[in-house]
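S.K.: There's a structure below that I have some questions on.
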Amino acid sequence: MALKRRNKVEATFSMSSMTDLIFLLLLFFIMASTMSSPNDIKINLPQSKAKTTTRATVAKVSIDEVGNYYIAVGKGKPMQIAPEELESRITQIVAQDTTTYIALHADQDIAYKEVVHVLDIANEHKLKLVIATKKAK
């Protein structure tokens, strides 16, 4: 009586585990890329040796080299606004939140009056304003 053993080794490869891994990596990179908020507005900040940081910024006001105003709330996308609308937008944002910090990102080549305009708005409404600079070399 001859019994045959069934110990054949199959030479196939299952791709299901590899595709699961690829989809997990894809999901990770999609989620990681949406959580970062790069500065979409190209602003050449002035240099400073001071090392100060803010706790929480309610609004981020940006002024580019042409003089366009942008405002972003928290980590939201910056929206372009007219200079006349800046004061009303800032007061609306500050009314919604108790922390009253505003970060001003102004290009170093703009006219000084543009920065003073934002400073006047903050001073008039008794808001704390932080002027953003880049690290001195």
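Each chain in the structure tokens gets a letter, A, B, ..., in the order shown, and its residues are numbered from 1; ligands are numbered from 1 in order too.
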Name all residues at most 12 Å from range 85-93 of chain A (count only C-alpha atoms; drop same-chain ones fewer than 5 positions away) and give them as a PyMOL selection string.
M.R.: chain A and resi 57-63+68-74+79-80+98-104+114+117-129
S.K.: With N, CA and C atoms kept, could you save the residues just selected as a tab-separated table (two decimals), in the first residue's frame?
M.R.:
chain	number	residue	atom	x	y	z
A	57	THR	N	-2.64	82.84	18.48
A	57	THR	CA	-3.00	83.98	17.65
A	57	THR	C	-4.42	83.80	17.18
A	58	VAL	N	-5.19	84.83	17.37
A	58	VAL	CA	-6.57	84.80	16.94
A	58	VAL	C	-6.62	85.03	15.44
A	59	ALA	N	-5.91	86.03	14.98
A	59	ALA	CA	-5.93	86.39	13.57
A	59	ALA	C	-4.52	86.63	13.09
A	60	LYS	N	-4.27	86.25	11.86
A	60	LYS	CA	-2.98	86.48	11.24
A	60	LYS	C	-3.20	87.43	10.09
A	61	VAL	N	-2.71	88.65	10.23
A	61	VAL	CA	-2.85	89.67	9.19
A	61	VAL	C	-1.54	89.70	8.41
A	62	SER	N	-1.64	89.55	7.09
A	62	SER	CA	-0.46	89.55	6.24
A	62	SER	C	-0.57	90.66	5.22
A	63	ILE	N	0.56	91.32	4.95
A	63	ILE	CA	0.61	92.36	3.93
A	63	ILE	C	1.78	91.99	3.01
A	68	ASN	N	-1.25	94.17	-0.72
A	68	ASN	CA	-2.50	93.43	-0.54
A	68	ASN	C	-2.60	92.91	0.88
A	69	TYR	N	-3.79	93.02	1.45
A	69	TYR	CA	-4.04	92.56	2.81
A	69	TYR	C	-4.67	91.18	2.77
A	70	TYR	N	-4.22	90.31	3.68
A	70	TYR	CA	-4.78	88.97	3.83
A	70	TYR	C	-5.05	88.75	5.31
A	71	ILE	N	-6.09	87.99	5.62
A	71	ILE	CA	-6.38	87.67	7.01
A	71	ILE	C	-6.72	86.18	7.09
A	72	ALA	N	-6.19	85.53	8.12
A	72	ALA	CA	-6.46	84.11	8.35
A	72	ALA	C	-6.79	83.93	9.82
A	73	VAL	N	-7.77	83.10	10.09
A	73	VAL	CA	-8.18	82.82	11.46
A	73	VAL	C	-7.64	81.44	11.83
A	74	GLY	N	-6.87	81.37	12.91
A	74	GLY	CA	-6.31	80.10	13.35
A	74	GLY	C	-5.40	79.52	12.29
A	79	MET	N	-7.43	84.84	3.43
A	79	MET	CA	-8.35	85.43	2.47
A	79	MET	C	-7.94	86.87	2.21
A	80	GLN	N	-7.95	87.27	0.95
A	80	GLN	CA	-7.59	88.64	0.61
A	80	GLN	C	-8.77	89.55	0.92
A	98	THR	N	-11.82	84.97	23.28
A	98	THR	CA	-11.40	85.79	24.42
A	98	THR	C	-9.93	86.18	24.33
A	99	THR	N	-9.10	85.35	23.70
A	99	THR	CA	-7.70	85.72	23.52
A	99	THR	C	-7.61	86.74	22.41
A	100	THR	N	-6.89	87.79	22.65
A	100	THR	CA	-6.91	88.92	21.71
A	100	THR	C	-5.54	89.16	21.08
A	101	TYR	N	-4.90	88.11	20.62
A	101	TYR	CA	-3.61	88.27	19.96
A	101	TYR	C	-3.80	88.34	18.45
A	102	ILE	N	-3.07	89.24	17.83
A	102	ILE	CA	-3.05	89.35	16.38
A	102	ILE	C	-1.59	89.30	15.95
A	103	ALA	N	-1.30	88.47	14.95
A	103	ALA	CA	0.06	88.38	14.41
A	103	ALA	C	0.09	89.13	13.09
A	104	LEU	N	1.02	90.06	12.98
A	104	LEU	CA	1.17	90.86	11.76
A	104	LEU	C	2.38	90.37	10.98
A	114	GLU	N	1.43	101.27	6.00
A	114	GLU	CA	0.59	100.08	6.01
A	114	GLU	C	0.67	99.39	7.38
A	117	HIS	N	-1.13	101.48	9.97
A	117	HIS	CA	-2.58	101.32	9.86
A	117	HIS	C	-3.07	100.16	10.72
A	118	VAL	N	-2.38	99.03	10.66
A	118	VAL	CA	-2.76	97.86	11.47
A	118	VAL	C	-2.49	98.14	12.95
A	119	LEU	N	-1.38	98.80	13.26
A	119	LEU	CA	-1.07	99.16	14.65
A	119	LEU	C	-2.15	100.07	15.24
A	120	ASP	N	-2.63	101.02	14.43
A	120	ASP	CA	-3.69	101.91	14.90
A	120	ASP	C	-4.98	101.16	15.22
A	121	ILE	N	-5.32	100.21	14.36
A	121	ILE	CA	-6.53	99.41	14.60
A	121	ILE	C	-6.39	98.62	15.91
A	122	ALA	N	-5.23	98.00	16.11
A	122	ALA	CA	-5.01	97.22	17.34
A	122	ALA	C	-5.03	98.13	18.57
A	123	ASN	N	-4.42	99.31	18.47
A	123	ASN	CA	-4.37	100.24	19.60
A	123	ASN	C	-5.76	100.79	19.92
A	124	GLU	N	-6.53	101.07	18.89
A	124	GLU	CA	-7.87	101.62	19.09
A	124	GLU	C	-8.80	100.64	19.81
A	125	HIS	N	-8.65	99.35	19.52
A	125	HIS	CA	-9.50	98.34	20.14
A	125	HIS	C	-8.82	97.63	21.31
A	126	LYS	N	-7.68	98.14	21.75
A	126	LYS	CA	-6.92	97.60	22.88
A	126	LYS	C	-6.59	96.12	22.69
A	127	LEU	N	-6.07	95.80	21.52
A	127	LEU	CA	-5.69	94.42	21.19
A	127	LEU	C	-4.18	94.28	21.27
A	128	LYS	N	-3.73	93.07	21.59
A	128	LYS	CA	-2.30	92.80	21.62
A	128	LYS	C	-1.86	92.36	20.24
A	129	LEU	N	-0.81	93.00	19.73
A	129	LEU	CA	-0.34	92.76	18.38
A	129	LEU	C	1.10	92.30	18.44
S.K.: As an exercise, work out the distance from CA of Gln47 in chain A to CA of Gly76 in chain A in Å and give it to one decimal place.
M.R.: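 Pair CA of Gln47 in chain A / CA of Gly76 in chain A returns 25.4 Å.
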S.K.: Measuring between only C-alpha atoms, which one of A:Met18, A:Lys8, A:Gln96, A:Lys113 shows the shortest distance to Pro83 in chain A?
M.R.: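 Selected residue with least distance to Pro83 in chain A: A:Lys113.
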S.K.: In Å, how far is it from CA of Asp97 in chain A to CA of Ala132 in chain A?
M.R.: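 So the answer is 21.1 Å.
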S.K.: Figure out the distance between CA of Lys77 in chain A and CA of Ile110 in chain A, please, to one decimal in Å.
M.R.: 22.2 Å
S.K.: Would you list, as an MDAnalysis selection string, the residues of range 57-132 of chain A that end up in alpha helix (DSSP H) under DSSP run on this structure's backbone?
M.R.: chainID A and resid 86:96 112:124
S.K.: Please produce a file of the residues just selected, as a PDB file, in the first residue's frame, where the atoms kept are N, CA and C atoms.
M.R.:
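Result file is result-v1.pdb:
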ATOM      1  N   LEU A  86     -10.511  95.722   6.951  1.00  0.00           N
ATOM      2  CA  LEU A  86      -9.635  95.101   7.949  1.00  0.00           C
ATOM      3  C   LEU A  86     -10.139  95.309   9.368  1.00  0.00           C
ATOM      4  N   GLU A  87     -10.516  96.523   9.697  1.00  0.00           N
ATOM      5  CA  GLU A  87     -10.943  96.808  11.071  1.00  0.00           C
ATOM      6  C   GLU A  87     -12.203  96.030  11.437  1.00  0.00           C
ATOM      7  N   SER A  88     -13.178  95.974  10.533  1.00  0.00           N
ATOM      8  CA  SER A  88     -14.413  95.251  10.855  1.00  0.00           C
ATOM      9  C   SER A  88     -14.161  93.743  10.978  1.00  0.00           C
ATOM     10  N   ARG A  89     -13.295  93.214  10.128  1.00  0.00           N
ATOM     11  CA  ARG A  89     -12.981  91.780  10.210  1.00  0.00           C
ATOM     12  C   ARG A  89     -12.268  91.438  11.519  1.00  0.00           C
ATOM     13  N   ILE A  90     -11.323  92.275  11.916  1.00  0.00           N
ATOM     14  CA  ILE A  90     -10.587  92.016  13.165  1.00  0.00           C
ATOM     15  C   ILE A  90     -11.526  92.083  14.367  1.00  0.00           C
ATOM     16  N   THR A  91     -12.413  93.062  14.390  1.00  0.00           N
ATOM     17  CA  THR A  91     -13.337  93.165  15.527  1.00  0.00           C
ATOM     18  C   THR A  91     -14.310  91.990  15.565  1.00  0.00           C
ATOM     19  N   GLN A  92     -14.723  91.479  14.402  1.00  0.00           N
ATOM     20  CA  GLN A  92     -15.591  90.295  14.377  1.00  0.00           C
ATOM     21  C   GLN A  92     -14.859  89.076  14.933  1.00  0.00           C
ATOM     22  N   ILE A  93     -13.604  88.901  14.546  1.00  0.00           N
ATOM     23  CA  ILE A  93     -12.829  87.735  14.985  1.00  0.00           C
ATOM     24  C   ILE A  93     -12.557  87.805  16.480  1.00  0.00           C
ATOM     25  N   VAL A  94     -12.178  88.967  16.967  1.00  0.00           N
ATOM     26  CA  VAL A  94     -11.857  89.122  18.387  1.00  0.00           C
ATOM     27  C   VAL A  94     -13.110  88.989  19.243  1.00  0.00           C
ATOM     28  N   ALA A  95     -14.258  89.376  18.725  1.00  0.00           N
ATOM     29  CA  ALA A  95     -15.503  89.235  19.488  1.00  0.00           C
ATOM     30  C   ALA A  95     -15.862  87.767  19.712  1.00  0.00           C
ATOM     31  N   GLN A  96     -15.420  86.873  18.832  1.00  0.00           N
ATOM     32  CA  GLN A  96     -15.734  85.454  18.966  1.00  0.00           C
ATOM     33  C   GLN A  96     -14.809  84.738  19.935  1.00  0.00           C
ATOM     34  N   TYR A 112       5.733 102.097   5.318  1.00  0.00           N
ATOM     35  CA  TYR A 112       5.577 102.073   6.771  1.00  0.00           C
ATOM     36  C   TYR A 112       4.141 102.381   7.188  1.00  0.00           C
ATOM     37  N   LYS A 113       3.427 103.159   6.369  1.00  0.00           N
ATOM     38  CA  LYS A 113       2.052 103.537   6.716  1.00  0.00           C
ATOM     39  C   LYS A 113       1.113 102.332   6.756  1.00  0.00           C
ATOM     40  N   GLU A 114       1.432 101.270   5.999  1.00  0.00           N
ATOM     41  CA  GLU A 114       0.591 100.077   6.009  1.00  0.00           C
ATOM     42  C   GLU A 114       0.672  99.385   7.376  1.00  0.00           C
ATOM     43  N   VAL A 115       1.882  99.322   7.942  1.00  0.00           N
ATOM     44  CA  VAL A 115       2.067  98.721   9.268  1.00  0.00           C
ATOM     45  C   VAL A 115       1.415  99.592  10.336  1.00  0.00           C
ATOM     46  N   VAL A 116       1.555 100.897  10.202  1.00  0.00           N
ATOM     47  CA  VAL A 116       0.967 101.818  11.175  1.00  0.00           C
ATOM     48  C   VAL A 116      -0.560 101.723  11.148  1.00  0.00           C
ATOM     49  N   HIS A 117      -1.130 101.480   9.969  1.00  0.00           N
ATOM     50  CA  HIS A 117      -2.584 101.320   9.855  1.00  0.00           C
ATOM     51  C   HIS A 117      -3.065 100.156  10.719  1.00  0.00           C
ATOM     52  N   VAL A 118      -2.376  99.028  10.660  1.00  0.00           N
ATOM     53  CA  VAL A 118      -2.757  97.863  11.469  1.00  0.00           C
ATOM     54  C   VAL A 118      -2.485  98.135  12.947  1.00  0.00           C
ATOM     55  N   LEU A 119      -1.376  98.800  13.258  1.00  0.00           N
ATOM     56  CA  LEU A 119      -1.075  99.157  14.648  1.00  0.00           C
ATOM     57  C   LEU A 119      -2.148 100.074  15.236  1.00  0.00           C
ATOM     58  N   ASP A 120      -2.630 101.018  14.434  1.00  0.00           N
ATOM     59  CA  ASP A 120      -3.692 101.913  14.904  1.00  0.00           C
ATOM     60  C   ASP A 120      -4.981 101.158  15.217  1.00  0.00           C
ATOM     61  N   ILE A 121      -5.315 100.207  14.362  1.00  0.00           N
ATOM     62  CA  ILE A 121      -6.526  99.406  14.600  1.00  0.00           C
ATOM     63  C   ILE A 121      -6.388  98.624  15.912  1.00  0.00           C
ATOM     64  N   ALA A 122      -5.229  97.998  16.113  1.00  0.00           N
ATOM     65  CA  ALA A 122      -5.012  97.225  17.344  1.00  0.00           C
ATOM     66  C   ALA A 122      -5.025  98.130  18.573  1.00  0.00           C
ATOM     67  N   ASN A 123      -4.422  99.313  18.472  1.00  0.00           N
ATOM     68  CA  ASN A 123      -4.374 100.240  19.599  1.00  0.00           C
ATOM     69  C   ASN A 123      -5.760 100.792  19.915  1.00  0.00           C
ATOM     70  N   GLU A 124      -6.534 101.065  18.890  1.00  0.00           N
ATOM     71  CA  GLU A 124      -7.872 101.625  19.086  1.00  0.00           C
ATOM     72  C   GLU A 124      -8.798 100.645  19.807  1.00  0.00           C
TER      73      GLU A 124
END
